[in-house]
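Before any comments, here is the structure.
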Amino acid sequence: MLGKARIITPGAPPVTSKRIAASKVPSEIDKLETAVEDTVRELRAMRDAAGKKIGGPVAKIFDAQLLIAQDQEFLRQVKEEIASGRREAAYVYDTMVKRTTEPLNRSPEQYMRQMVIDVQAVAQRILSNLNGYVKDSKERFPAGTILVGRSFSPNDILAYRQKRAQGFVVAEGGNSSHMALIARSFLMPIVMVKSVDLDAIVEGERLVLDGSAGEVLINPTDKDWASYQKKRRREGSAIITRIKRLPHIPPRTRDEIPVGIGANLTLPGTVEDILAEMNIPVGLYRSEFLYLKHNDFPDEETQFEHYAQIAERFSHTTVAIRTFDIGYDKVIDTAGWPAEGNPALGWRGIRATLDMPEIFRSQVRAILRASYLHNLKVILPMVAELSEIERAKKILAQEKFSLRKKGIAFDENIAMGIMVEIPAAAMTADQMAQKVDFMSIGTNDLTQYTLAADRMNNKVAALYNALHPAVLRLVKMTVDAGHRHLKPVSICGELAGDILALPLFIAMRVDQLSISPNRIFDVCRAVSKIDSDLTRPLLESVLSSGSLQSVISKLERYRKAMEKR
């Protein structure tokens, strides 16, 4: 896509060196203390309500900034300078911050330069509060606005989408982060760049984003810009156009084996119409983003209207709604929610909702009421043991009974499945499969739990890879268990849209690959070039591998061989 850069950073108005009367010194010090208190309150809110949305590392950043904001020795020096120099608090604070950070900025140590960034972030916030600078929250961006910033929370993506942002350029996060997943679900390109490249982007500068290739062209020449504009007009809505061109849904291999394709969706968007028109099922509908949209758990009526709308739009195919996958890393108001050092391993998903029965029952009732077209399914997230399935099924049965008594129509045979995203679930998939109607493998979480590598932590990004043989063996174990008990198994993580892994899933006879809409065309086209008989030896070879590098090497060789055919 093409657009202009909008830099999103904490900002403050410029300060002046205006002298003040001695009688004004106490009021300036009071203003500083109030600004510091406001900043501490804001930083705590950001840490608790947004900082942890993209993982522990972000929370630690806010903790560090809180320490900076409350540095009593530094604040004492600022107050003394205000009194002795008789200058406004904003000027003195700004001057002393710059004096402190200048030598740190010249340090060859990366952690020292990172400290400067944190100090500046805090300083800008304090200066904003000192000057009463408030951003207009109702602002709508001009058409073609591309936001540039270090990172964005899930709520940021939702809020900026409503303000008509078109894409994102960021320096922090990963392709499997919540930020990236939400952006892609809205077909909003998001490109990760190095910090140095991010800093080189100027406000209002023209940008060309290629979300698929993960590339950004900064300040293209007039000739290149005109060329990209022509290309965009020629292609129109590329995703919709390409999906319309598909000859078969589901696609078929060279030897005519059908491969089920579904779409992962979050909230209503422009791509839904073409998916519904092409009868492409929704393999994963992330209901928790209704929570993010409303800043709270939505009531039953709100959910019913939303689920019914989705069911009607996809009336000729199916929609699998995942119940709220909410944990401390996603909640808006953390009051009443237990603080957790590692939310990914804590109270979230089905664990949390079963402990909040009224919220779970409300969602189950809403889904049941919307199931009158007999095309909705329910998926339980974060399942680890059979008792969780049994408790959920009991609530489902009770709510069915209640609706039946009231004469409200619903699907008596609505399917209930589970997300297999914990190694424990994969290793007991034989038992799990006997209790559910289907299983869906969430390879994003399954990978991080199997490899003990946080998928939002750039420091272990090299370790986080779903093609690791351990992850692939768990996937195969789950698929085999489902098929032994005649239960369909889908894959809905990022790996489902990986062309390199596609022949493995064909060999496993995975029933459905539920992927981001922008990957559907490429995956379908790749399916048509694969001979399923040739994938079985590849699968055996890959599963016998002892390292990630070995797996990738074998898959690359297979891909090149296919390209030559």
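FYI, nothing fancy with the structure tokens labels: chains A, B, ... in order, residues from 1 per chain, ligands from 1 as they appear.
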Each stretch 291-316 of chain A residue no farther than 6 Å from stretch 364-384 of chain A, nearest pair in Å, only C-alpha atoms, as a Markdown table:
```
| residue | atom | partner | partner_atom | distance |
| --- | --- | --- | --- | --- |
| A:Glu300 | CA | A:Ala366 | CA | 5.5 |
| A:Gln303 | CA | A:Ala366 | CA | 5.8 |
| A:Phe304 | CA | A:Ala366 | CA | 4.4 |
| A:Tyr307 | CA | A:Ala370 | CA | 5.9 |
| A:Ala308 | CA | A:Ala370 | CA | 4.6 |
```
* To do: Could you give me the residues within stretch 254-478 of chain A that DSSP places in alpha helix (DSSP H), as a PyMOL selection string?
  => chain A and resi 272-277+288-294+300-313+349-354+357-369+386-406+423-427+429-433+443-451+469-478
With 12 Å as the cut-off and only C-alpha atoms counted, what is the closest atom pair between each nearby residue of stretch 429-526 of chain A and stretch 259-265 of chain A? Distances in Å to one decimal, ordered by chain and number, as JSON lines.
```
{"residue": "A:Ser440", "atom": "CA", "partner": "A:Gly262", "partner_atom": "CA", "distance": 11.7}
{"residue": "A:Gly442", "atom": "CA", "partner": "A:Asn264", "partner_atom": "CA", "distance": 11.4}
{"residue": "A:Pro488", "atom": "CA", "partner": "A:Gly260", "partner_atom": "CA", "distance": 10.7}
{"residue": "A:Val489", "atom": "CA", "partner": "A:Gly260", "partner_atom": "CA", "distance": 10.4}
{"residue": "A:Ser490", "atom": "CA", "partner": "A:Gly260", "partner_atom": "CA", "distance": 8.6}
{"residue": "A:Ile491", "atom": "CA", "partner": "A:Gly262", "partner_atom": "CA", "distance": 9.5}
{"residue": "A:Cys492", "atom": "CA", "partner": "A:Asn264", "partner_atom": "CA", "distance": 7.2}
{"residue": "A:Gly493", "atom": "CA", "partner": "A:Asn264", "partner_atom": "CA", "distance": 8.9}
{"residue": "A:Glu494", "atom": "CA", "partner": "A:Asn264", "partner_atom": "CA", "distance": 9.9}
{"residue": "A:Ala496", "atom": "CA", "partner": "A:Ile261", "partner_atom": "CA", "distance": 9.5}
{"residue": "A:Gly497", "atom": "CA", "partner": "A:Ile261", "partner_atom": "CA", "distance": 9.9}
{"residue": "A:Leu502", "atom": "CA", "partner": "A:Val259", "partner_atom": "CA", "distance": 10.1}
{"residue": "A:Pro503", "atom": "CA", "partner": "A:Val259", "partner_atom": "CA", "distance": 10.8}
{"residue": "A:Phe505", "atom": "CA", "partner": "A:Val259", "partner_atom": "CA", "distance": 9.2}
{"residue": "A:Ile506", "atom": "CA", "partner": "A:Val259", "partner_atom": "CA", "distance": 7.2}
{"residue": "A:Ala507", "atom": "CA", "partner": "A:Val259", "partner_atom": "CA", "distance": 10.6}
{"residue": "A:Met508", "atom": "CA", "partner": "A:Val259", "partner_atom": "CA", "distance": 11.0}
{"residue": "A:Arg509", "atom": "CA", "partner": "A:Val259", "partner_atom": "CA", "distance": 8.1}
{"residue": "A:Val510", "atom": "CA", "partner": "A:Val259", "partner_atom": "CA", "distance": 7.8}
{"residue": "A:Asp511", "atom": "CA", "partner": "A:Gly260", "partner_atom": "CA", "distance": 5.7}
{"residue": "A:Gln512", "atom": "CA", "partner": "A:Gly260", "partner_atom": "CA", "distance": 4.2}
{"residue": "A:Leu513", "atom": "CA", "partner": "A:Ile261", "partner_atom": "CA", "distance": 5.0}
{"residue": "A:Ser514", "atom": "CA", "partner": "A:Gly262", "partner_atom": "CA", "distance": 4.1}
{"residue": "A:Ile515", "atom": "CA", "partner": "A:Ala263", "partner_atom": "CA", "distance": 4.9}
{"residue": "A:Ser516", "atom": "CA", "partner": "A:Asn264", "partner_atom": "CA", "distance": 5.2}
{"residue": "A:Pro517", "atom": "CA", "partner": "A:Ala263", "partner_atom": "CA", "distance": 5.7}
{"residue": "A:Asn518", "atom": "CA", "partner": "A:Ala263", "partner_atom": "CA", "distance": 9.3}
{"residue": "A:Arg519", "atom": "CA", "partner": "A:Ala263", "partner_atom": "CA", "distance": 9.2}
{"residue": "A:Ile520", "atom": "CA", "partner": "A:Ile261", "partner_atom": "CA", "distance": 7.6}
{"residue": "A:Phe521", "atom": "CA", "partner": "A:Ile261", "partner_atom": "CA", "distance": 10.2}
{"residue": "A:Asp522", "atom": "CA", "partner": "A:Ile261", "partner_atom": "CA", "distance": 11.6}
{"residue": "A:Val523", "atom": "CA", "partner": "A:Ile261", "partner_atom": "CA", "distance": 8.7}
{"residue": "A:Cys524", "atom": "CA", "partner": "A:Ile261", "partner_atom": "CA", "distance": 8.0}
{"residue": "A:Arg525", "atom": "CA", "partner": "A:Val259", "partner_atom": "CA", "distance": 11.4}
{"residue": "A:Ala526", "atom": "CA", "partner": "A:Val259", "partner_atom": "CA", "distance": 11.0}
```
Using N, CA and C atoms, can you export the residues from the last selection as a compact mmCIF listing (two decimals), in the first residue's frame?
```txt
# COMPACT_ATOMS: atom_id res chain seq x y z
N SER A 440 -8.65 -28.14 16.86
CA SER A 440 -7.97 -27.13 16.07
C SER A 440 -6.63 -26.84 16.71
N GLY A 442 -3.49 -24.74 17.48
CA GLY A 442 -2.97 -23.37 17.47
C GLY A 442 -1.45 -23.41 17.54
N PRO A 488 -12.47 -34.44 12.81
CA PRO A 488 -11.65 -33.57 11.96
C PRO A 488 -10.67 -32.73 12.77
N VAL A 489 -9.51 -32.48 12.17
CA VAL A 489 -8.48 -31.68 12.82
C VAL A 489 -8.04 -30.56 11.87
N SER A 490 -8.04 -29.34 12.37
CA SER A 490 -7.59 -28.20 11.57
C SER A 490 -6.35 -27.58 12.21
N ILE A 491 -5.67 -26.75 11.45
CA ILE A 491 -4.55 -25.97 11.96
C ILE A 491 -4.90 -24.50 11.73
N CYS A 492 -4.80 -23.69 12.79
CA CYS A 492 -5.22 -22.30 12.63
C CYS A 492 -4.12 -21.30 13.02
N GLY A 493 -2.92 -21.78 13.31
CA GLY A 493 -1.83 -20.86 13.63
C GLY A 493 -1.17 -20.33 12.37
N GLU A 494 -0.17 -19.48 12.56
CA GLU A 494 0.55 -18.89 11.42
C GLU A 494 1.16 -19.96 10.52
N ALA A 496 -0.10 -22.56 9.46
CA ALA A 496 -1.06 -23.06 8.48
C ALA A 496 -0.91 -22.36 7.13
N GLY A 497 -0.43 -21.11 7.15
CA GLY A 497 -0.26 -20.37 5.90
C GLY A 497 1.16 -20.37 5.37
N LEU A 502 3.42 -26.58 3.86
CA LEU A 502 2.21 -27.09 3.22
C LEU A 502 2.28 -28.56 2.84
N PRO A 503 3.34 -29.05 2.20
CA PRO A 503 3.38 -30.48 1.84
C PRO A 503 3.30 -31.40 3.04
N PHE A 505 1.46 -30.87 5.75
CA PHE A 505 0.06 -30.94 6.15
C PHE A 505 -0.76 -31.76 5.18
N ILE A 506 -0.38 -31.69 3.91
CA ILE A 506 -1.06 -32.54 2.92
C ILE A 506 -0.77 -34.01 3.19
N ALA A 507 0.47 -34.30 3.53
CA ALA A 507 0.84 -35.68 3.86
C ALA A 507 0.13 -36.16 5.11
N MET A 508 -0.07 -35.26 6.09
CA MET A 508 -0.76 -35.64 7.33
C MET A 508 -2.27 -35.78 7.13
N ARG A 509 -2.77 -35.28 6.01
CA ARG A 509 -4.21 -35.26 5.73
C ARG A 509 -4.96 -34.36 6.73
N VAL A 510 -4.36 -33.21 7.01
CA VAL A 510 -5.03 -32.22 7.85
C VAL A 510 -6.34 -31.83 7.18
N ASP A 511 -7.42 -31.78 7.95
CA ASP A 511 -8.74 -31.54 7.35
C ASP A 511 -8.95 -30.11 6.89
N GLN A 512 -8.34 -29.16 7.60
CA GLN A 512 -8.52 -27.76 7.21
C GLN A 512 -7.33 -26.93 7.65
N LEU A 513 -6.90 -26.02 6.78
CA LEU A 513 -5.89 -25.02 7.12
C LEU A 513 -6.62 -23.69 7.23
N SER A 514 -6.73 -23.17 8.43
CA SER A 514 -7.42 -21.91 8.65
C SER A 514 -6.37 -20.81 8.75
N ILE A 515 -6.40 -19.89 7.80
CA ILE A 515 -5.29 -18.95 7.64
C ILE A 515 -5.78 -17.51 7.48
N SER A 516 -4.87 -16.60 7.60
CA SER A 516 -5.18 -15.19 7.38
C SER A 516 -5.65 -15.01 5.92
N PRO A 517 -6.70 -14.21 5.68
CA PRO A 517 -7.23 -14.06 4.32
C PRO A 517 -6.18 -13.68 3.28
N ASN A 518 -5.17 -12.91 3.69
CA ASN A 518 -4.18 -12.48 2.70
C ASN A 518 -3.25 -13.61 2.26
N ARG A 519 -3.36 -14.79 2.88
CA ARG A 519 -2.54 -15.94 2.48
C ARG A 519 -3.32 -16.96 1.67
N ILE A 520 -4.63 -16.79 1.56
CA ILE A 520 -5.48 -17.82 0.94
C ILE A 520 -5.09 -18.09 -0.51
N PHE A 521 -4.90 -17.04 -1.29
CA PHE A 521 -4.59 -17.25 -2.71
C PHE A 521 -3.28 -18.00 -2.88
N ASP A 522 -2.24 -17.56 -2.18
CA ASP A 522 -0.93 -18.20 -2.33
C ASP A 522 -0.96 -19.67 -1.90
N VAL A 523 -1.66 -19.95 -0.80
CA VAL A 523 -1.74 -21.34 -0.33
C VAL A 523 -2.51 -22.20 -1.32
N CYS A 524 -3.63 -21.70 -1.81
CA CYS A 524 -4.43 -22.46 -2.79
C CYS A 524 -3.64 -22.73 -4.07
N ARG A 525 -2.93 -21.74 -4.53
CA ARG A 525 -2.12 -21.92 -5.74
C ARG A 525 -1.02 -22.94 -5.51
N ALA A 526 -0.41 -22.91 -4.32
CA ALA A 526 0.66 -23.86 -4.02
C ALA A 526 0.13 -25.29 -3.92
```
* Please identify all polymer residues within 9 Å of A:Lys4, counting only C-alpha atoms, omitting same-chain residues fewer than 2 positions from it, and present them as a PyMOL selection string. => chain A and resi 2+6+143-147+203-208
Any chance you could tabulate, as CSV, the residues of stretch 476-534 of chain A at most 10 Å from stretch 556-562 of chain A with each one's nearest atom pair and distance in Å to one decimal, using only C-alpha atoms, in chain and rising number order?
```
residue,atom,partner,partner_atom,distance
A:Ile499,CA,A:Arg559,CA,8.8
A:Leu500,CA,A:Arg559,CA,7.0
A:Ala501,CA,A:Arg559,CA,9.7
A:Leu502,CA,A:Arg559,CA,10.0
A:Pro503,CA,A:Tyr558,CA,8.9
A:Ala526,CA,A:Met562,CA,9.8
A:Lys529,CA,A:Met562,CA,7.4
A:Ile530,CA,A:Met562,CA,7.3
A:Asp531,CA,A:Met562,CA,9.1
A:Leu534,CA,A:Tyr558,CA,9.6
```
* Asked: Can you tell me, as an MDAnalysis selection string, what residues are no more than 9 Å from stretch 29-45 of chain A when counting only C-alpha atoms, ignoring any on the same chain fewer than 3 positions away?
  -> chainID A and resid 24:26 48:51 62:63 65:66 69:70 75 78:79 82:83 88:90 93 122 125:131 333
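Every protein or nucleic acid residue with an atom no more than 9 Å from stretch 254-256 of chain A, counting only C-alpha atoms and leaving out same-chain residues fewer than 2 positions away, appears here: Pro251, Arg252, Pro258, Val527, Ser528, Lys529, Ile530, Asp531, Ser532 and Asp533 of chain A.
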Please dump the current selection as a PDB file, in the first residue's frame; keep N, CA, C and O atoms.
```
ATOM      1  N   PRO A 251      -9.113 -26.040  -2.706  1.00  0.00           N
ATOM      2  CA  PRO A 251      -8.163 -26.358  -3.780  1.00  0.00           C
ATOM      3  C   PRO A 251      -7.852 -27.849  -3.806  1.00  0.00           C
ATOM      4  O   PRO A 251      -8.056 -28.555  -2.819  1.00  0.00           O
ATOM      5  N   ARG A 252      -7.351 -28.320  -4.940  1.00  0.00           N
ATOM      6  CA  ARG A 252      -6.997 -29.734  -5.089  1.00  0.00           C
ATOM      7  C   ARG A 252      -5.534 -29.878  -5.491  1.00  0.00           C
ATOM      8  O   ARG A 252      -4.998 -29.052  -6.231  1.00  0.00           O
ATOM      9  N   PRO A 258      -8.533 -33.034  -2.314  1.00  0.00           N
ATOM     10  CA  PRO A 258      -8.950 -31.721  -1.812  1.00  0.00           C
ATOM     11  C   PRO A 258      -8.263 -31.373  -0.492  1.00  0.00           C
ATOM     12  O   PRO A 258      -8.040 -32.242   0.348  1.00  0.00           O
ATOM     13  N   VAL A 527      -1.091 -25.442  -3.379  1.00  0.00           N
ATOM     14  CA  VAL A 527      -1.697 -26.779  -3.261  1.00  0.00           C
ATOM     15  C   VAL A 527      -1.795 -27.439  -4.628  1.00  0.00           C
ATOM     16  O   VAL A 527      -1.496 -28.633  -4.789  1.00  0.00           O
ATOM     17  N   SER A 528      -2.191 -26.678  -5.628  1.00  0.00           N
ATOM     18  CA  SER A 528      -2.415 -27.241  -6.967  1.00  0.00           C
ATOM     19  C   SER A 528      -1.137 -27.754  -7.620  1.00  0.00           C
ATOM     20  O   SER A 528      -1.194 -28.501  -8.599  1.00  0.00           O
ATOM     21  N   LYS A 529       0.033 -27.381  -7.083  1.00  0.00           N
ATOM     22  CA  LYS A 529       1.305 -27.802  -7.668  1.00  0.00           C
ATOM     23  C   LYS A 529       1.905 -29.010  -6.959  1.00  0.00           C
ATOM     24  O   LYS A 529       2.974 -29.499  -7.344  1.00  0.00           O
ATOM     25  N   ILE A 530       1.234 -29.500  -5.918  1.00  0.00           N
ATOM     26  CA  ILE A 530       1.789 -30.577  -5.088  1.00  0.00           C
ATOM     27  C   ILE A 530       1.128 -31.909  -5.402  1.00  0.00           C
ATOM     28  O   ILE A 530      -0.103 -31.994  -5.518  1.00  0.00           O
ATOM     29  N   ASP A 531       1.946 -32.936  -5.535  1.00  0.00           N
ATOM     30  CA  ASP A 531       1.451 -34.303  -5.694  1.00  0.00           C
ATOM     31  C   ASP A 531       1.464 -34.931  -4.303  1.00  0.00           C
ATOM     32  O   ASP A 531       2.520 -35.088  -3.688  1.00  0.00           O
ATOM     33  N   SER A 532       0.301 -35.287  -3.788  1.00  0.00           N
ATOM     34  CA  SER A 532       0.211 -35.763  -2.407  1.00  0.00           C
ATOM     35  C   SER A 532       1.042 -37.024  -2.159  1.00  0.00           C
ATOM     36  O   SER A 532       1.569 -37.226  -1.057  1.00  0.00           O
ATOM     37  N   ASP A 533       1.170 -37.890  -3.164  1.00  0.00           N
ATOM     38  CA  ASP A 533       1.943 -39.129  -2.973  1.00  0.00           C
ATOM     39  C   ASP A 533       3.410 -38.838  -2.667  1.00  0.00           C
ATOM     40  O   ASP A 533       4.069 -39.598  -1.942  1.00  0.00           O
TER      41      ASP A 533
END
```
* To do: Would you mind listing what lies within 12 Å of A:Leu396 as a PyMOL selection string, with only C-alpha atoms counted and same-chain residues fewer than 5 positions away left out?
  => chain A and resi 354+357+360-369+378+380+389-391+401-403+410-416
Just write the chosen residues, N, CA, C and O atoms, as an mmCIF file, in the first residue's frame.
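Dumped to part-v7.cif:
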```cif
data_model
loop_
_atom_site.group_PDB
_atom_site.id
_atom_site.type_symbol
_atom_site.label_atom_id
_atom_site.label_comp_id
_atom_site.auth_asym_id
_atom_site.auth_seq_id
_atom_site.Cartn_x
_atom_site.Cartn_y
_atom_site.Cartn_z
ATOM 1 N N LEU A 354 -14.043 -20.522 32.829
ATOM 2 C CA LEU A 354 -14.739 -21.491 33.678
ATOM 3 C C LEU A 354 -14.808 -21.020 35.120
ATOM 4 O O LEU A 354 -15.730 -21.383 35.862
ATOM 5 N N PRO A 357 -18.166 -18.190 35.684
ATOM 6 C CA PRO A 357 -19.249 -18.913 35.008
ATOM 7 C C PRO A 357 -20.303 -18.033 34.361
ATOM 8 O O PRO A 357 -20.833 -18.385 33.303
ATOM 9 N N PHE A 360 -18.977 -16.900 31.048
ATOM 10 C CA PHE A 360 -18.940 -18.027 30.111
ATOM 11 C C PHE A 360 -20.358 -18.413 29.682
ATOM 12 O O PHE A 360 -20.617 -18.642 28.494
ATOM 13 N N ARG A 361 -21.284 -18.479 30.639
ATOM 14 C CA ARG A 361 -22.660 -18.829 30.301
ATOM 15 C C ARG A 361 -23.284 -17.800 29.348
ATOM 16 O O ARG A 361 -24.015 -18.150 28.424
ATOM 17 N N SER A 362 -23.005 -16.534 29.605
ATOM 18 C CA SER A 362 -23.535 -15.471 28.741
ATOM 19 C C SER A 362 -23.059 -15.656 27.307
ATOM 20 O O SER A 362 -23.842 -15.524 26.347
ATOM 21 N N GLN A 363 -21.782 -15.987 27.143
ATOM 22 C CA GLN A 363 -21.258 -16.188 25.796
ATOM 23 C C GLN A 363 -21.835 -17.445 25.165
ATOM 24 O O GLN A 363 -22.200 -17.441 23.975
ATOM 25 N N VAL A 364 -21.947 -18.515 25.925
ATOM 26 C CA VAL A 364 -22.521 -19.761 25.397
ATOM 27 C C VAL A 364 -23.961 -19.534 24.957
ATOM 28 O O VAL A 364 -24.374 -19.984 23.872
ATOM 29 N N ARG A 365 -24.753 -18.818 25.776
ATOM 30 C CA ARG A 365 -26.143 -18.532 25.392
ATOM 31 C C ARG A 365 -26.205 -17.713 24.112
ATOM 32 O O ARG A 365 -27.030 -17.983 23.226
ATOM 33 N N ALA A 366 -25.330 -16.713 24.003
ATOM 34 C CA ALA A 366 -25.329 -15.862 22.806
ATOM 35 C C ALA A 366 -25.000 -16.678 21.555
ATOM 36 O O ALA A 366 -25.631 -16.512 20.500
ATOM 37 N N ILE A 367 -24.011 -17.560 21.665
ATOM 38 C CA ILE A 367 -23.638 -18.396 20.516
ATOM 39 C C ILE A 367 -24.771 -19.355 20.174
ATOM 40 O O ILE A 367 -25.115 -19.530 18.988
ATOM 41 N N LEU A 368 -25.361 -19.984 21.189
ATOM 42 C CA LEU A 368 -26.475 -20.916 20.936
ATOM 43 C C LEU A 368 -27.637 -20.204 20.250
ATOM 44 O O LEU A 368 -28.210 -20.712 19.281
ATOM 45 N N ARG A 369 -28.000 -19.029 20.743
ATOM 46 C CA ARG A 369 -29.125 -18.294 20.148
ATOM 47 C C ARG A 369 -28.832 -17.919 18.694
ATOM 48 O O ARG A 369 -29.747 -17.860 17.862
ATOM 49 N N VAL A 378 -18.285 -24.121 18.286
ATOM 50 C CA VAL A 378 -17.655 -23.516 19.457
ATOM 51 C C VAL A 378 -16.283 -24.144 19.673
ATOM 52 O O VAL A 378 -16.141 -25.369 19.618
ATOM 53 N N LEU A 380 -13.011 -24.193 22.428
ATOM 54 C CA LEU A 380 -12.527 -23.845 23.764
ATOM 55 C C LEU A 380 -11.015 -23.637 23.711
ATOM 56 O O LEU A 380 -10.284 -24.536 23.284
ATOM 57 N N ILE A 389 -12.985 -29.817 29.570
ATOM 58 C CA ILE A 389 -13.964 -30.129 28.523
ATOM 59 C C ILE A 389 -15.283 -30.541 29.151
ATOM 60 O O ILE A 389 -16.361 -30.083 28.740
ATOM 61 N N GLU A 390 -15.216 -31.387 30.167
ATOM 62 C CA GLU A 390 -16.432 -31.884 30.823
ATOM 63 C C GLU A 390 -17.213 -30.736 31.458
ATOM 64 O O GLU A 390 -18.446 -30.668 31.347
ATOM 65 N N ARG A 391 -16.525 -29.818 32.112
ATOM 66 C CA ARG A 391 -17.203 -28.685 32.745
ATOM 67 C C ARG A 391 -17.852 -27.787 31.705
ATOM 68 O O ARG A 391 -18.983 -27.314 31.895
ATOM 69 N N PHE A 401 -30.782 -26.603 27.718
ATOM 70 C CA PHE A 401 -32.021 -26.942 28.426
ATOM 71 C C PHE A 401 -32.828 -25.683 28.727
ATOM 72 O O PHE A 401 -34.060 -25.655 28.553
ATOM 73 N N SER A 402 -32.139 -24.630 29.165
ATOM 74 C CA SER A 402 -32.811 -23.383 29.491
ATOM 75 C C SER A 402 -33.465 -22.763 28.262
ATOM 76 O O SER A 402 -34.621 -22.322 28.309
ATOM 77 N N LEU A 403 -32.750 -22.737 27.153
ATOM 78 C CA LEU A 403 -33.304 -22.171 25.919
ATOM 79 C C LEU A 403 -34.455 -23.019 25.393
ATOM 80 O O LEU A 403 -35.443 -22.494 24.851
ATOM 81 N N PHE A 410 -32.355 -23.011 18.479
ATOM 82 C CA PHE A 410 -30.900 -23.086 18.431
ATOM 83 C C PHE A 410 -30.522 -24.425 17.813
ATOM 84 O O PHE A 410 -31.371 -25.300 17.600
ATOM 85 N N ASP A 411 -29.247 -24.584 17.529
ATOM 86 C CA ASP A 411 -28.749 -25.823 16.924
ATOM 87 C C ASP A 411 -28.511 -26.849 18.027
ATOM 88 O O ASP A 411 -27.562 -26.739 18.801
ATOM 89 N N GLU A 412 -29.387 -27.858 18.077
ATOM 90 C CA GLU A 412 -29.269 -28.893 19.113
ATOM 91 C C GLU A 412 -27.954 -29.656 19.002
ATOM 92 O O GLU A 412 -27.429 -30.161 19.988
ATOM 93 N N ASN A 413 -27.421 -29.742 17.793
ATOM 94 C CA ASN A 413 -26.212 -30.537 17.565
ATOM 95 C C ASN A 413 -24.984 -29.667 17.313
ATOM 96 O O ASN A 413 -24.060 -30.075 16.608
ATOM 97 N N ILE A 414 -24.982 -28.476 17.871
ATOM 98 C CA ILE A 414 -23.843 -27.582 17.655
ATOM 99 C C ILE A 414 -22.549 -28.280 18.074
ATOM 100 O O ILE A 414 -22.480 -28.926 19.114
ATOM 101 N N ALA A 415 -21.537 -28.175 17.224
ATOM 102 C CA ALA A 415 -20.268 -28.865 17.479
ATOM 103 C C ALA A 415 -19.427 -28.078 18.474
ATOM 104 O O ALA A 415 -19.333 -26.850 18.397
ATOM 105 N N MET A 416 -18.792 -28.797 19.400
ATOM 106 C CA MET A 416 -17.860 -28.178 20.338
ATOM 107 C C MET A 416 -16.488 -28.816 20.154
ATOM 108 O O MET A 416 -16.365 -30.043 20.176
#
```
With only C-alpha atoms as the counted atoms, please give the residues lying no more than 8 Å from A:Phe168, apart from itself and same-chain residues fewer than 5 positions off, as a compact mmCIF listing (two decimals) with N, CA, C and O atoms, in the first residue's frame.
```txt
# COMPACT_ATOMS: atom_id res chain seq x y z
N ILE A 146 0.01 6.05 7.30
CA ILE A 146 0.74 4.87 7.77
C ILE A 146 1.40 5.26 9.09
O ILE A 146 2.19 6.21 9.13
N LEU A 147 1.08 4.55 10.16
CA LEU A 147 1.60 4.89 11.47
C LEU A 147 2.97 4.28 11.68
O LEU A 147 3.20 3.10 11.37
N VAL A 148 3.87 5.06 12.23
CA VAL A 148 5.25 4.64 12.47
C VAL A 148 5.53 4.77 13.97
O VAL A 148 5.39 5.85 14.54
N GLY A 149 5.91 3.66 14.60
CA GLY A 149 6.19 3.69 16.03
C GLY A 149 6.92 2.44 16.45
O GLY A 149 7.01 1.47 15.70
N MET A 188 -4.53 -5.04 7.27
CA MET A 188 -3.70 -3.83 7.39
C MET A 188 -2.24 -4.27 7.40
O MET A 188 -1.82 -5.01 8.29
N PRO A 189 -1.47 -3.87 6.40
CA PRO A 189 -0.07 -4.30 6.35
C PRO A 189 0.72 -3.80 7.55
O PRO A 189 0.53 -2.67 8.00
N ILE A 190 1.59 -4.65 8.06
CA ILE A 190 2.46 -4.27 9.17
C ILE A 190 3.86 -4.77 8.85
O ILE A 190 4.04 -5.93 8.51
N VAL A 191 4.83 -3.88 8.89
CA VAL A 191 6.20 -4.21 8.51
C VAL A 191 7.13 -3.92 9.68
O VAL A 191 7.07 -2.86 10.29
```
